[in-house]
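For reference, the structure discussed in these notes is given below.
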Amino acid sequence: MLAKLDPVVKRVLIVDPNPHAARLLTDIMKGLGSRDVVVQPDEKRAMMAAAELEPGLVFTERTGEGLDGESLARALRRSDMNCRRAPIIMITADATARTILGARDSGVHEFLRKPFTSADLFKRVENVAIKPRDWVEAVGYIGPDRRRFNSGEFSGAGKRKADRPATGAAGMAEAKDQAMRILGAALDQFDSDPMQAVRAIREQAATLKMLAMKVSDSRLAVAVGALEVSMAAGPPTKATLAAPIGTLLAMHQVAPVARAG
């Protein structure tokens, strides 16, 4: 089992202003095979450490002096670091519905309530290492698919039986629908965050291209190709992307939404 965890746990960043809590967490992670563990007390130093360490896993306290765990998660997700998709586990004694949902919506993978046992921690690490969730690259949200939020502390809509991952043809149809919705939302929100909108559009184009190849959908492949050509022709703008994205949305007959994931 520990061998399966290694790619995630070998480099760990712990963000916690409490040195005793950080030391306890460091000892547990080293017991799980972590070789490089870096501890930082606040958000600013944590971001600098993340750029240097490129952690496979990040633990963060929810609040502290100079630390807002949700803000840290959003900043990491919107960065250009190689570790921007690294699993984030948020730890706090304040495990209310509001804080759990806030963590989920900031791009956190798991939520761990204090006090916790080694078994509690291991379960969270196992979840992020062995049961990865689909990645959502939108404009308003960047992170693991919130519909699959699998923290043991969470008992909301994401725990419904209907929210379990679809497979086969149903899974591909769901992936296509979400990609189309994110495309529409990214175009709508382009002016508010052009850089992230372009990143979201590229991600959805890659997803749709893969789906088109899997189901031999030549019409979809051609439409996605037109979007890729438009993006490669020069700096993408809302005006240059409107036509190819509009074609894809018309094919799928889905209205753009402001929020996806």
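So you can find residues: chains in the structure tokens are A, B, ... in the order shown, residues in each start at 1, and ligands are numbered from 1 in order.
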Secondary structure check, alpha helix (DSSP H) residues of range 44-74 of chain A, as a PDB file with N, CA, C and O atoms, in the first residue's frame:
```pdb
ATOM      1  N   LYS A  44       2.193  33.394   2.288  1.00  0.00           N
ATOM      2  CA  LYS A  44       3.233  33.936   1.428  1.00  0.00           C
ATOM      3  C   LYS A  44       4.432  32.996   1.324  1.00  0.00           C
ATOM      4  O   LYS A  44       4.902  32.671   0.228  1.00  0.00           O
ATOM      5  N   ARG A  45       4.926  32.532   2.468  1.00  0.00           N
ATOM      6  CA  ARG A  45       6.076  31.632   2.449  1.00  0.00           C
ATOM      7  C   ARG A  45       5.710  30.252   1.909  1.00  0.00           C
ATOM      8  O   ARG A  45       6.544  29.559   1.312  1.00  0.00           O
ATOM      9  N   ALA A  46       4.452  29.860   2.087  1.00  0.00           N
ATOM     10  CA  ALA A  46       4.007  28.572   1.555  1.00  0.00           C
ATOM     11  C   ALA A  46       4.044  28.569   0.027  1.00  0.00           C
ATOM     12  O   ALA A  46       4.457  27.583  -0.586  1.00  0.00           O
ATOM     13  N   MET A  47       3.623  29.665  -0.593  1.00  0.00           N
ATOM     14  CA  MET A  47       3.643  29.738  -2.053  1.00  0.00           C
ATOM     15  C   MET A  47       5.072  29.706  -2.582  1.00  0.00           C
ATOM     16  O   MET A  47       5.354  29.066  -3.608  1.00  0.00           O
ATOM     17  N   MET A  48       5.982  30.367  -1.906  1.00  0.00           N
ATOM     18  CA  MET A  48       7.387  30.331  -2.326  1.00  0.00           C
ATOM     19  C   MET A  48       7.955  28.924  -2.169  1.00  0.00           C
ATOM     20  O   MET A  48       8.699  28.434  -3.022  1.00  0.00           O
ATOM     21  N   ALA A  49       7.591  28.263  -1.078  1.00  0.00           N
ATOM     22  CA  ALA A  49       8.065  26.898  -0.842  1.00  0.00           C
ATOM     23  C   ALA A  49       7.492  25.931  -1.874  1.00  0.00           C
ATOM     24  O   ALA A  49       8.187  25.016  -2.334  1.00  0.00           O
ATOM     25  N   ALA A  50       6.242  26.136  -2.250  1.00  0.00           N
ATOM     26  CA  ALA A  50       5.609  25.269  -3.250  1.00  0.00           C
ATOM     27  C   ALA A  50       6.330  25.362  -4.587  1.00  0.00           C
ATOM     28  O   ALA A  50       6.528  24.356  -5.277  1.00  0.00           O
ATOM     29  N   ALA A  51       6.750  26.562  -4.960  1.00  0.00           N
ATOM     30  CA  ALA A  51       7.454  26.754  -6.226  1.00  0.00           C
ATOM     31  C   ALA A  51       8.790  26.018  -6.230  1.00  0.00           C
ATOM     32  O   ALA A  51       9.219  25.478  -7.255  1.00  0.00           O
ATOM     33  N   GLU A  52       9.441  25.976  -5.077  1.00  0.00           N
ATOM     34  CA  GLU A  52      10.742  25.323  -4.988  1.00  0.00           C
ATOM     35  C   GLU A  52      10.624  23.819  -4.792  1.00  0.00           C
ATOM     36  O   GLU A  52      11.342  23.029  -5.412  1.00  0.00           O
ATOM     37  N   LEU A  53       9.716  23.397  -3.927  1.00  0.00           N
ATOM     38  CA  LEU A  53       9.588  21.979  -3.585  1.00  0.00           C
ATOM     39  C   LEU A  53       8.819  21.178  -4.621  1.00  0.00           C
ATOM     40  O   LEU A  53       9.120  20.007  -4.854  1.00  0.00           O
ATOM     41  N   GLY A  69      -6.440  29.370   4.514  1.00  0.00           N
ATOM     42  CA  GLY A  69      -6.277  28.143   3.744  1.00  0.00           C
ATOM     43  C   GLY A  69      -7.027  28.143   2.429  1.00  0.00           C
ATOM     44  O   GLY A  69      -6.540  27.610   1.422  1.00  0.00           O
ATOM     45  N   GLU A  70      -8.210  28.733   2.419  1.00  0.00           N
ATOM     46  CA  GLU A  70      -8.982  28.788   1.178  1.00  0.00           C
ATOM     47  C   GLU A  70      -8.290  29.678   0.149  1.00  0.00           C
ATOM     48  O   GLU A  70      -8.227  29.357  -1.043  1.00  0.00           O
ATOM     49  N   SER A  71      -7.771  30.811   0.606  1.00  0.00           N
ATOM     50  CA  SER A  71      -7.042  31.710  -0.281  1.00  0.00           C
ATOM     51  C   SER A  71      -5.794  31.033  -0.834  1.00  0.00           C
ATOM     52  O   SER A  71      -5.467  31.167  -2.019  1.00  0.00           O
ATOM     53  N   LEU A  72      -5.103  30.277   0.012  1.00  0.00           N
ATOM     54  CA  LEU A  72      -3.912  29.545  -0.428  1.00  0.00           C
ATOM     55  C   LEU A  72      -4.268  28.534  -1.507  1.00  0.00           C
ATOM     56  O   LEU A  72      -3.570  28.414  -2.520  1.00  0.00           O
ATOM     57  N   ALA A  73      -5.357  27.810  -1.300  1.00  0.00           N
ATOM     58  CA  ALA A  73      -5.777  26.809  -2.279  1.00  0.00           C
ATOM     59  C   ALA A  73      -6.080  27.466  -3.625  1.00  0.00           C
ATOM     60  O   ALA A  73      -5.650  26.986  -4.683  1.00  0.00           O
ATOM     61  N   ARG A  74      -6.806  28.569  -3.594  1.00  0.00           N
ATOM     62  CA  ARG A  74      -7.146  29.255  -4.845  1.00  0.00           C
ATOM     63  C   ARG A  74      -5.899  29.790  -5.540  1.00  0.00           C
ATOM     64  O   ARG A  74      -5.774  29.711  -6.772  1.00  0.00           O
TER      65      ARG A  74
END
```
**OP:** Would you mind reading off the distance between CA of Leu227 in chain A and CA of Ala75 in chain A, one decimal, in Å?
**Re:**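 A separation of 28.2 Å between them.
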Closest atom pairs, residues of range 59-99 of chain A within 9 Å of range 116-136 of chain A, only C-alpha atoms, as JSON lines:
```
{"residue": "A:Arg85", "atom": "CA", "partner": "A:Trp135", "partner_atom": "CA", "distance": 8.1}
{"residue": "A:Pro87", "atom": "CA", "partner": "A:Val128", "partner_atom": "CA", "distance": 6.3}
{"residue": "A:Ile88", "atom": "CA", "partner": "A:Val128", "partner_atom": "CA", "distance": 8.5}
{"residue": "A:Ile89", "atom": "CA", "partner": "A:Arg124", "partner_atom": "CA", "distance": 7.6}
```
Selected residues, N, CA and C atoms, written as a PDB file, in the first residue's frame, please.
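Final output, out_6.pdb:
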```
ATOM      1  N   ARG A  85      -1.918  21.298  -9.373  1.00  0.00           N
ATOM      2  CA  ARG A  85      -2.968  20.283  -9.244  1.00  0.00           C
ATOM      3  C   ARG A  85      -2.727  19.337  -8.065  1.00  0.00           C
ATOM      4  N   PRO A  87      -2.873  17.450  -4.672  1.00  0.00           N
ATOM      5  CA  PRO A  87      -3.959  17.330  -3.685  1.00  0.00           C
ATOM      6  C   PRO A  87      -3.709  18.217  -2.477  1.00  0.00           C
ATOM      7  N   ILE A  88      -4.763  18.856  -1.997  1.00  0.00           N
ATOM      8  CA  ILE A  88      -4.702  19.690  -0.805  1.00  0.00           C
ATOM      9  C   ILE A  88      -5.643  19.109   0.243  1.00  0.00           C
ATOM     10  N   ILE A  89      -5.121  18.902   1.443  1.00  0.00           N
ATOM     11  CA  ILE A  89      -5.923  18.441   2.562  1.00  0.00           C
ATOM     12  C   ILE A  89      -5.967  19.567   3.593  1.00  0.00           C
TER      13      ILE A  89
END
```
Subject >> Å distance separating CA of Leu112 in chain A from CA of Ala93 in chain A, one decimal place >> reply: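 Interatomic distance, CA of Leu112 in chain A to CA of Ala93 in chain A: 8.5 Å.
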Original post:
What's the 7 Å shell around Cys83 in chain A, counting only C-alpha atoms, without same-chain residues fewer than 6 positions away, as a list in words?
Top reply: Glu54, Pro55 and Gly56 of chain A
**OP:** Would you mind reading off the distance between CA of Met231 in chain A and CA of Leu208 in chain A, one decimal, in Å?
**Re:**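 These atoms are spaced 15.0 Å apart.
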Expected answer as a compact mmCIF listing (two decimals) with C-alpha atoms, in the first residue's frame: strand (DSSP E) residues in range 65-133 of chain A:
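In the end it all went to states12.txt:
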```txt
# COMPACT_ATOMS: atom_id res chain seq x y z
CA LEU A 67 -2.85 32.28 6.62
CA ASP A 68 -6.17 31.74 4.91
CA ILE A 88 -4.70 19.69 -0.81
CA ILE A 89 -5.92 18.44 2.56
CA MET A 90 -7.30 21.14 4.87
CA ILE A 91 -7.10 20.66 8.63
CA THR A 92 -9.12 22.55 11.24
CA GLU A 110 -10.07 16.59 1.52
CA PHE A 111 -11.06 18.01 4.89
CA LEU A 112 -9.65 16.70 8.17
CA ARG A 113 -11.08 17.69 11.54
```
Original post:
Between A:Arg104, A:Lys10, A:Arg199, A:His109, which one has atoms that come closest to Leu187 in chain A, using only C-alpha atoms?
Top reply: A:Arg199
Subject >> A:Ala170, A:Ala138, A:Leu5, A:Ala242 ranked by distance to Glu203 in chain A, top pick (using only C-alpha atoms) >> reply: A:Ala138
Original post:
Between A:Arg84, A:Lys4, A:Lys176, A:Arg147, which has the minimum distance to Val215 in chain A (counting only C-alpha atoms)?
Top reply: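 Going through A:Arg84, A:Lys4, A:Lys176, A:Arg147 one by one, the smallest distance to Val215 in chain A is for A:Lys176.
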Subject >> Nearby residues (only C-alpha atoms) at most 12 Å from Asp193 in chain A, same-chain spacing under 6 positions excluded, as a VMD selection string >> reply: chain A and resid 78 138 to 141 185 to 187 199 to 200 237 to 238
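Residue nearest Arg11 in chain A, chosen from A:Leu57, A:Leu25, A:Ala221, A:Ala239 and counting only C-alpha atoms: A:Leu57.
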**OP:** Would you mind telling me which residue in A:Ala21, A:Thr207, A:Ser192, A:Ala223 lies nearest to Met172 in chain A when using only C-alpha atoms?
**Re:**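 For Met172 in chain A, the nearest of the candidates is A:Thr207.
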